[in-house]
$ cat coords_32.pdb   # PDB, C-alpha atoms
ATOM      1  CA  LEU A   1     142.763-220.942 -26.380  1.00  0.00           C
ATOM      2  CA  ILE A   2     146.275-219.949 -25.278  1.00  0.00           C
ATOM      3  CA  MET A   3     147.411-219.982 -28.899  1.00  0.00           C
ATOM      4  CA  LEU A   4     144.527-217.711 -29.887  1.00  0.00           C
ATOM      5  CA  VAL A   5     145.400-215.240 -27.122  1.00  0.00           C
ATOM      6  CA  VAL A   6     149.061-215.254 -28.149  1.00  0.00           C
ATOM      7  CA  LEU A   7     148.093-214.761 -31.799  1.00  0.00           C
ATOM      8  CA  PHE A   8     145.791-211.858 -30.875  1.00  0.00           C
ATOM      9  CA  ILE A   9     148.528-210.165 -28.841  1.00  0.00           C
ATOM     10  CA  LEU A  10     150.993-210.663 -31.693  1.00  0.00           C
ATOM     11  CA  LEU A  11     148.580-209.102 -34.185  1.00  0.00           C
ATOM     12  CA  VAL A  12     148.023-206.107 -31.882  1.00  0.00           C
ATOM     13  CA  VAL A  13     151.787-205.584 -31.504  1.00  0.00           C
ATOM     14  CA  ILE A  14     152.319-205.831 -35.273  1.00  0.00           C
ATOM     15  CA  ASP A  15     149.483-203.372 -35.870  1.00  0.00           C
ATOM     16  CA  ILE A  16     150.910-200.851 -33.378  1.00  0.00           C
ATOM     17  CA  CYS A  17     154.392-201.152 -34.898  1.00  0.00           C
ATOM     18  CA  TRP A  18     153.022-200.727 -38.421  1.00  0.00           C
ATOM     19  CA  VAL A  19     151.006-197.658 -37.434  1.00  0.00           C
ATOM     20  CA  ARG A  20     154.026-196.091 -35.705  1.00  0.00           C
ATOM     21  CA  TYR A  21     156.188-196.787 -38.765  1.00  0.00           C
ATOM     22  CA  SER A  22     153.557-195.344 -41.135  1.00  0.00           C
ATOM     23  CA  LEU A  23     153.157-192.198 -39.051  1.00  0.00           C
ATOM     24  CA  SER A  24     156.898-191.593 -38.770  1.00  0.00           C
ATOM     25  CA  SER A  25     156.922-189.869 -42.180  1.00  0.00           C
ATOM     26  CA  PHE A  26     154.563-187.103 -40.984  1.00  0.00           C
ATOM     27  CA  PRO A  27     155.672-183.905 -39.213  1.00  0.00           C
ATOM     28  CA  ARG A  28     155.955-184.047 -35.434  1.00  0.00           C
ATOM     29  CA  TYR A  29     152.536-182.559 -34.794  1.00  0.00           C
ATOM     30  CA  HIS A  30     152.880-182.714 -31.021  1.00  0.00           C
ATOM     31  CA  ARG A  31     155.590-180.042 -31.336  1.00  0.00           C
ATOM     32  CA  LEU A  32     153.268-177.760 -33.269  1.00  0.00           C
ATOM     33  CA  GLN A  33     150.554-178.245 -30.664  1.00  0.00           C
ATOM     34  CA  SER A  34     152.572-176.359 -28.058  1.00  0.00           C
ATOM     35  CA  VAL A  35     153.369-173.359 -30.316  1.00  0.00           C
ATOM     36  CA  ASN A  36     150.269-171.455 -29.161  1.00  0.00           C
ATOM     37  CA  PRO A  37     147.707-172.087 -26.422  1.00  0.00           C
ATOM     38  CA  THR A  38     144.328-173.484 -27.463  1.00  0.00           C
ATOM     39  CA  VAL A  39     141.874-170.687 -28.317  1.00  0.00           C
ATOM     40  CA  PRO A  40     138.475-170.991 -26.562  1.00  0.00           C
ATOM     41  CA  ILE A  41     135.688-171.338 -29.113  1.00  0.00           C
ATOM     42  CA  GLU A  42     133.753-168.438 -27.603  1.00  0.00           C
ATOM     43  CA  HIS A  43     136.673-166.139 -28.538  1.00  0.00           C
ATOM     44  CA  ALA A  44     137.554-167.638 -31.911  1.00  0.00           C
ATOM     45  CA  LYS A  45     136.723-166.480 -35.427  1.00  0.00           C
ATOM     46  CA  ILE A  46     137.688-169.835 -36.940  1.00  0.00           C
ATOM     47  CA  ALA A  47     137.266-173.343 -35.508  1.00  0.00           C
ATOM     48  CA  VAL A  48     138.497-176.778 -36.542  1.00  0.00           C
ATOM     49  CA  VAL A  49     135.754-179.298 -35.764  1.00  0.00           C
ATOM     50  CA  SER A  50     135.734-183.102 -35.802  1.00  0.00           C
ATOM     51  CA  ILE A  51     134.261-186.179 -34.123  1.00  0.00           C
ATOM     52  CA  HIS A  52     136.362-189.192 -33.126  1.00  0.00           C
ATOM     53  CA  LYS A  53     134.133-192.142 -32.262  1.00  0.00           C
ATOM     54  CA  GLY A  54     134.713-195.860 -32.617  1.00  0.00           C
ATOM     55  CA  TRP A  55     137.397-198.464 -32.029  1.00  0.00           C
ATOM     56  CA  LYS A  56     139.828-197.068 -34.611  1.00  0.00           C
ATOM     57  CA  TYR A  57     140.233-193.840 -32.629  1.00  0.00           C
ATOM     58  CA  HIS A  58     141.816-195.582 -29.659  1.00  0.00           C
ATOM     59  CA  GLY A  59     145.525-196.182 -29.238  1.00  0.00           C
ATOM     60  CA  VAL A  60     148.357-194.795 -31.337  1.00  0.00           C
ATOM     61  CA  LEU A  61     146.339-194.037 -34.474  1.00  0.00           C
ATOM     62  CA  GLY A  62     143.550-192.296 -32.573  1.00  0.00           C
ATOM     63  CA  SER A  63     146.046-190.171 -30.681  1.00  0.00           C
ATOM     64  CA  PHE A  64     147.737-189.172 -33.939  1.00  0.00           C
ATOM     65  CA  LEU A  65     144.440-188.237 -35.630  1.00  0.00           C
ATOM     66  CA  ARG A  66     143.444-185.982 -32.738  1.00  0.00           C
ATOM     67  CA  THR A  67     146.889-184.433 -32.335  1.00  0.00           C
ATOM     68  CA  ASN A  68     147.101-183.756 -36.072  1.00  0.00           C
ATOM     69  CA  LYS A  69     143.975-181.580 -36.049  1.00  0.00           C
ATOM     70  CA  HIS A  70     144.544-180.026 -32.617  1.00  0.00           C
ATOM     71  CA  SER A  71     148.110-179.031 -33.512  1.00  0.00           C
ATOM     72  CA  TYR A  72     146.964-177.396 -36.744  1.00  0.00           C
ATOM     73  CA  ALA A  73     144.350-175.379 -34.847  1.00  0.00           C
ATOM     74  CA  ASN A  74     146.863-174.263 -32.211  1.00  0.00           C
ATOM     75  CA  LEU A  75     149.468-173.361 -34.814  1.00  0.00           C
ATOM     76  CA  HIS A  76     147.095-170.909 -36.517  1.00  0.00           C
ATOM     77  CA  GLU A  77     145.293-169.839 -33.331  1.00  0.00           C
ATOM     78  CA  TYR A  78     141.948-171.417 -34.196  1.00  0.00           C
ATOM     79  CA  ALA A  79     139.585-173.092 -31.777  1.00  0.00           C
ATOM     80  CA  TYR A  80     139.546-176.882 -31.784  1.00  0.00           C
ATOM     81  CA  ILE A  81     136.573-178.961 -30.689  1.00  0.00           C
ATOM     82  CA  ASP A  82     135.819-182.671 -31.047  1.00  0.00           C
ATOM     83  CA  VAL A  83     133.598-183.328 -28.031  1.00  0.00           C
ATOM     84  CA  VAL A  84     129.916-183.553 -28.943  1.00  0.00           C
ATOM     85  CA  PRO A  85     127.785-181.888 -26.219  1.00  0.00           C
ATOM     86  CA  GLN A  86     125.056-184.539 -26.102  1.00  0.00           C
ATOM     87  CA  LYS A  87     122.980-182.608 -23.582  1.00  0.00           C
ATOM     88  CA  ASP A  88     122.715-179.679 -26.008  1.00  0.00           C
ATOM     89  CA  LEU A  89     121.758-181.716 -29.081  1.00  0.00           C
ATOM     90  CA  PRO A  90     118.306-183.120 -29.855  1.00  0.00           C
ATOM     91  CA  PRO A  91     118.174-186.911 -29.338  1.00  0.00           C
ATOM     92  CA  LEU A  92     118.047-189.280 -32.297  1.00  0.00           C
ATOM     93  CA  GLN A  93     114.323-189.914 -32.035  1.00  0.00           C
ATOM     94  CA  ARG A  94     113.740-192.185 -34.993  1.00  0.00           C
ATOM     95  CA  LEU A  95     114.515-195.847 -34.450  1.00  0.00           C
ATOM     96  CA  GLU A  96     116.354-196.216 -37.768  1.00  0.00           C
ATOM     97  CA  MET A  97     118.695-193.336 -36.820  1.00  0.00           C
ATOM     98  CA  ARG A  98     119.564-195.013 -33.516  1.00  0.00           C
ATOM     99  CA  LEU A  99     120.112-198.345 -35.271  1.00  0.00           C
ATOM    100  CA  HIS A 100     122.275-196.879 -38.034  1.00  0.00           C
ATOM    101  CA  HIS A 101     125.716-198.520 -38.075  1.00  0.00           C
ATOM    102  CA  HIS A 102     127.319-195.043 -38.174  1.00  0.00           C
ATOM    103  CA  PRO A 103     125.196-192.713 -35.976  1.00  0.00           C
ATOM    104  CA  VAL A 104     127.985-190.124 -36.282  1.00  0.00           C
ATOM    105  CA  TYR A 105     126.554-189.278 -39.720  1.00  0.00           C
ATOM    106  CA  TYR A 106     123.484-187.898 -37.930  1.00  0.00           C
ATOM    107  CA  GLU A 107     125.424-186.235 -35.128  1.00  0.00           C
ATOM    108  CA  LYS A 108     127.707-184.414 -37.556  1.00  0.00           C
ATOM    109  CA  PRO A 109     125.170-181.935 -39.068  1.00  0.00           C
ATOM    110  CA  GLN A 110     123.493-181.513 -35.663  1.00  0.00           C
ATOM    111  CA  PHE A 111     126.844-180.758 -34.039  1.00  0.00           C
ATOM    112  CA  LEU A 112     127.841-178.242 -36.715  1.00  0.00           C
ATOM    113  CA  LEU A 113     124.505-176.441 -36.642  1.00  0.00           C
ATOM    114  CA  HIS A 114     124.665-176.287 -32.831  1.00  0.00           C
ATOM    115  CA  LEU A 115     128.096-174.599 -32.956  1.00  0.00           C
ATOM    116  CA  MET A 116     127.064-172.253 -35.757  1.00  0.00           C
ATOM    117  CA  GLU A 117     124.018-171.052 -33.869  1.00  0.00           C
ATOM    118  CA  LYS A 118     125.544-170.902 -30.403  1.00  0.00           C
ATOM    119  CA  TYR A 119     128.627-168.942 -31.506  1.00  0.00           C
ATOM    120  CA  LYS A 120     127.208-166.961 -34.443  1.00  0.00           C
ATOM    121  CA  ASP A 121     128.306-163.666 -32.864  1.00  0.00           C
ATOM    122  CA  ASN A 122     132.010-164.513 -33.040  1.00  0.00           C
ATOM    123  CA  LEU A 123     132.556-167.685 -35.099  1.00  0.00           C
ATOM    124  CA  GLU A 124     132.910-166.762 -38.777  1.00  0.00           C
ATOM    125  CA  TRP A 125     134.228-169.996 -40.315  1.00  0.00           C
ATOM    126  CA  LEU A 126     134.276-173.691 -39.371  1.00  0.00           C
ATOM    127  CA  LEU A 127     136.513-176.316 -40.922  1.00  0.00           C
ATOM    128  CA  TRP A 128     134.885-179.699 -40.519  1.00  0.00           C
ATOM    129  CA  ILE A 129     137.298-182.624 -40.993  1.00  0.00           C
ATOM    130  CA  ASP A 130     136.247-186.253 -40.543  1.00  0.00           C
ATOM    131  CA  GLY A 131     137.863-188.167 -37.702  1.00  0.00           C
ATOM    132  CA  ASP A 132     139.793-190.438 -40.078  1.00  0.00           C
ATOM    133  CA  ALA A 133     141.118-187.572 -42.212  1.00  0.00           C
ATOM    134  CA  ILE A 134     144.396-185.755 -41.585  1.00  0.00           C
ATOM    135  CA  ILE A 135     145.952-182.388 -42.425  1.00  0.00           C
ATOM    136  CA  THR A 136     149.075-182.954 -44.518  1.00  0.00           C
ATOM    137  CA  HIS A 137     150.092-179.303 -45.049  1.00  0.00           C
ATOM    138  CA  PRO A 138     149.856-177.731 -41.599  1.00  0.00           C
ATOM    139  CA  TYR A 139     151.421-174.418 -42.609  1.00  0.00           C
ATOM    140  CA  VAL A 140     148.653-173.602 -45.110  1.00  0.00           C
ATOM    141  CA  SER A 141     146.074-171.534 -43.223  1.00  0.00           C
ATOM    142  CA  ILE A 142     142.309-171.580 -43.547  1.00  0.00           C
ATOM    143  CA  GLU A 143     142.429-167.881 -44.439  1.00  0.00           C
ATOM    144  CA  GLU A 144     144.504-168.777 -47.520  1.00  0.00           C
ATOM    145  CA  ARG A 145     141.932-171.380 -48.558  1.00  0.00           C
ATOM    146  CA  ILE A 146     139.124-168.871 -48.088  1.00  0.00           C
ATOM    147  CA  LYS A 147     140.840-166.380 -50.411  1.00  0.00           C
ATOM    148  CA  GLU A 148     141.385-169.094 -53.051  1.00  0.00           C
ATOM    149  CA  SER A 149     137.730-170.123 -52.831  1.00  0.00           C
ATOM    150  CA  GLN A 150     136.549-166.532 -53.218  1.00  0.00           C
ATOM    151  CA  LYS A 151     138.598-166.196 -56.409  1.00  0.00           C
ATOM    152  CA  LEU A 152     136.928-169.308 -57.850  1.00  0.00           C
ATOM    153  CA  GLN A 153     133.407-168.243 -56.934  1.00  0.00           C
ATOM    154  CA  LYS A 154     131.138-167.774 -59.962  1.00  0.00           C
ATOM    155  CA  THR A 155     128.655-165.263 -58.572  1.00  0.00           C
ATOM    156  CA  LYS A 156     130.688-162.560 -56.856  1.00  0.00           C
ATOM    157  CA  SER A 157     127.619-160.808 -55.466  1.00  0.00           C
ATOM    158  CA  LYS A 158     126.848-163.759 -53.179  1.00  0.00           C
ATOM    159  CA  GLU A 159     128.740-164.774 -50.060  1.00  0.00           C
ATOM    160  CA  ILE A 160     130.304-168.229 -49.992  1.00  0.00           C
ATOM    161  CA  CYS A 161     128.137-170.621 -48.023  1.00  0.00           C
ATOM    162  CA  LEU A 162     130.364-173.690 -47.912  1.00  0.00           C
ATOM    163  CA  VAL A 163     133.267-175.219 -49.818  1.00  0.00           C
ATOM    164  CA  TRP A 164     133.623-178.964 -50.352  1.00  0.00           C
ATOM    165  CA  ALA A 165     135.258-181.347 -52.806  1.00  0.00           C
ATOM    166  CA  LYS A 166     133.255-182.695 -55.735  1.00  0.00           C
ATOM    167  CA  ASP A 167     133.917-186.401 -56.334  1.00  0.00           C
ATOM    168  CA  THR A 168     131.222-188.624 -57.854  1.00  0.00           C
ATOM    169  CA  MET A 169     129.039-186.577 -55.516  1.00  0.00           C
ATOM    170  CA  PRO A 170     130.060-183.722 -53.193  1.00  0.00           C
ATOM    171  CA  ASN A 171     132.277-185.108 -50.435  1.00  0.00           C
ATOM    172  CA  ALA A 172     131.376-184.071 -46.891  1.00  0.00           C
ATOM    173  CA  GLY A 173     134.570-185.480 -45.359  1.00  0.00           C
ATOM    174  CA  VAL A 174     136.131-182.011 -45.294  1.00  0.00           C
ATOM    175  CA  ILE A 175     133.897-178.933 -45.440  1.00  0.00           C
ATOM    176  CA  LEU A 176     134.767-175.269 -45.037  1.00  0.00           C
ATOM    177  CA  ILE A 177     131.617-173.554 -43.731  1.00  0.00           C
ATOM    178  CA  HIS A 178     130.908-169.832 -43.653  1.00  0.00           C
ATOM    179  CA  ASN A 179     128.800-169.146 -40.572  1.00  0.00           C
ATOM    180  CA  ILE A 180     126.144-166.951 -42.161  1.00  0.00           C
ATOM    181  CA  PRO A 181     122.324-167.255 -42.102  1.00  0.00           C
ATOM    182  CA  THR A 182     122.268-169.050 -45.476  1.00  0.00           C
ATOM    183  CA  SER A 183     124.625-171.762 -44.184  1.00  0.00           C
ATOM    184  CA  ARG A 184     122.617-172.277 -41.019  1.00  0.00           C
ATOM    185  CA  GLU A 185     119.435-172.573 -43.045  1.00  0.00           C
ATOM    186  CA  LEU A 186     121.150-175.100 -45.316  1.00  0.00           C
ATOM    187  CA  PHE A 187     122.000-177.330 -42.363  1.00  0.00           C
ATOM    188  CA  ARG A 188     118.481-177.007 -40.947  1.00  0.00           C
ATOM    189  CA  THR A 189     117.114-178.102 -44.316  1.00  0.00           C
ATOM    190  CA  ALA A 190     119.596-180.985 -44.493  1.00  0.00           C
ATOM    191  CA  LEU A 191     118.416-182.285 -41.134  1.00  0.00           C
ATOM    192  CA  GLN A 192     114.887-182.494 -42.549  1.00  0.00           C
ATOM    193  CA  THR A 193     115.805-184.620 -45.579  1.00  0.00           C
ATOM    194  CA  TRP A 194     116.469-188.016 -43.969  1.00  0.00           C
ATOM    195  CA  ASP A 195     113.320-189.514 -45.546  1.00  0.00           C
ATOM    196  CA  GLU A 196     114.563-188.559 -49.001  1.00  0.00           C
ATOM    197  CA  THR A 197     118.170-189.746 -48.681  1.00  0.00           C
ATOM    198  CA  ASP A 198     117.808-193.439 -47.805  1.00  0.00           C
ATOM    199  CA  THR A 199     118.108-193.760 -44.046  1.00  0.00           C
ATOM    200  CA  PHE A 200     120.479-196.728 -44.149  1.00  0.00           C
ATOM    201  CA  ARG A 201     122.759-195.201 -46.760  1.00  0.00           C
ATOM    202  CA  ARG A 202     126.365-195.198 -45.570  1.00  0.00           C
ATOM    203  CA  PHE A 203     127.051-191.489 -46.146  1.00  0.00           C
ATOM    204  CA  THR A 204     123.732-190.024 -45.030  1.00  0.00           C
ATOM    205  CA  ASP A 205     125.308-186.721 -43.973  1.00  0.00           C
ATOM    206  CA  GLN A 206     126.594-186.016 -47.436  1.00  0.00           C
ATOM    207  CA  ALA A 207     123.404-187.178 -49.152  1.00  0.00           C
ATOM    208  CA  SER A 208     121.270-184.920 -46.951  1.00  0.00           C
ATOM    209  CA  LEU A 209     123.418-181.846 -47.662  1.00  0.00           C
ATOM    210  CA  THR A 210     123.285-182.584 -51.398  1.00  0.00           C
ATOM    211  CA  ALA A 211     119.490-182.923 -51.231  1.00  0.00           C
ATOM    212  CA  ALA A 212     119.195-179.636 -49.331  1.00  0.00           C
ATOM    213  CA  ILE A 213     121.229-177.829 -52.000  1.00  0.00           C
ATOM    214  CA  ASP A 214     119.279-179.418 -54.864  1.00  0.00           C
ATOM    215  CA  HIS A 215     115.968-178.362 -53.310  1.00  0.00           C
ATOM    216  CA  ASN A 216     116.870-174.721 -52.823  1.00  0.00           C
ATOM    217  CA  GLU A 217     118.179-172.450 -55.577  1.00  0.00           C
ATOM    218  CA  ILE A 218     119.710-170.038 -53.050  1.00  0.00           C
ATOM    219  CA  HIS A 219     122.234-172.705 -51.991  1.00  0.00           C
ATOM    220  CA  LYS A 220     123.374-173.805 -55.451  1.00  0.00           C
ATOM    221  CA  ASP A 221     126.098-171.250 -56.215  1.00  0.00           C
TER
END

$ encode --input "coords_32.pdb" --output "structure tokens"
Amino acid sequence: LIMLVVLFILLVVIDICWVRYSLSSFPRYHRLQSVNPTVPIEHAKIAVVSIHKGWKYHGVLGSFLRTNKHSYANLHEYAYIDVVPQKDLPPLQRLEMRLHHHPVYYEKPQFLLHLMEKYKDNLEWLLWIDGDAIITHPYVSIEERIKESQKLQKTKSKEICLVWAKDTMPNAGVILIHNIPTSRELFRTALQTWDETDTFRRFTDQASLTAAIDHNEIHKD
């Protein structure tokens, strides 16, 4: 038993050292975090949004992942939020949702829709970034990405609803969302597609958004 405890401690120390070494090549994000004060979401036009839940978000790595996103938001004077207001969100009623090994995939669209509706008078854009994703080019602003996306848009008469990467299927790990009625309706539709997207599928959030777009022509461009 003593040997197992010693081995466990040794593995934890090695893991911490390896994480610190791996992160040493990234910019010192904690310095960027203090450049500007955090902007309250009720006063912001743009917000960086994430959720950090689970064992991997504790310790050195978890601190880095949060600081990375928070620093980027402060640098560009965006709001930053990663605390899910459980009291304001509808509960996960269905048993299979509560039993899902990653309930965050259900909380994610609920959380985003909640923010979009609550702050629709001031919040124009939201950048969703998964908890385990990082920003590697902190000096590139969201405004720059918006302009690039507008240039690539096929139908110029329509407003951009959301921008995401297209892998084998659209990837919901990072989404740039325009807070307009069409986007809010898209997320409402997505939350109604669980039955069609295989409840126990690993990436249910992304499957539900894809289904919502496929079912409604207005969302396809």

$ residues_around --input "coords_32.pdb" --residues "Ile146 (chain A)" --least-positions-apart "2" --cutoff "12 Å" --atoms "all atoms listed in the file" --output "ChimeraX atom specification"
/A:46,124-127,140-144,148-153,159-164,175-178

$ closest_residue --input "coords_32.pdb" --among "A:Arg188, A:Asn171, A:Gly131, A:Lys158" --to "Lys56 (chain A)" --atoms "only C-alpha atoms"
A:Gly131

$ atom_distance --input "coords_32.pdb" --atom1 "CA of Leu186 (chain A)" --atom2 "CA of Val48 (chain A)"
19.5 Å

$ atom_distance --input "coords_32.pdb" --atom1 "CA of Pro85 (chain A)" --atom2 "CA of His114 (chain A)"
9.2 Å

$ atom_distance --input "coords_32.pdb" --atom1 "CA of Leu123 (chain A)" --atom2 "CA of Ala44 (chain A)"
5.9 Å

$ residues_around --input "coords_32.pdb" --residues "Arg66 (chain A)" --least-positions-apart "3" --cutoff "12 Å" --atoms "all atoms listed in the file" --output "ChimeraX atom specification"
/A:29-30,33,48-53,56-63,69-73,80-83,129-135

$ closest_residue --input "coords_32.pdb" --among "A:Val174, A:Pro138, A:Gln192, A:Tyr106" --to "Asn68 (chain A)" --atoms "all atoms listed in the file"
A:Pro138

$ closest_residue --input "coords_32.pdb" --among "A:Val39, A:Ala212, A:Ala79, A:Thr136" --to "Leu191 (chain A)" --atoms "all atoms listed in the file"
A:Ala212
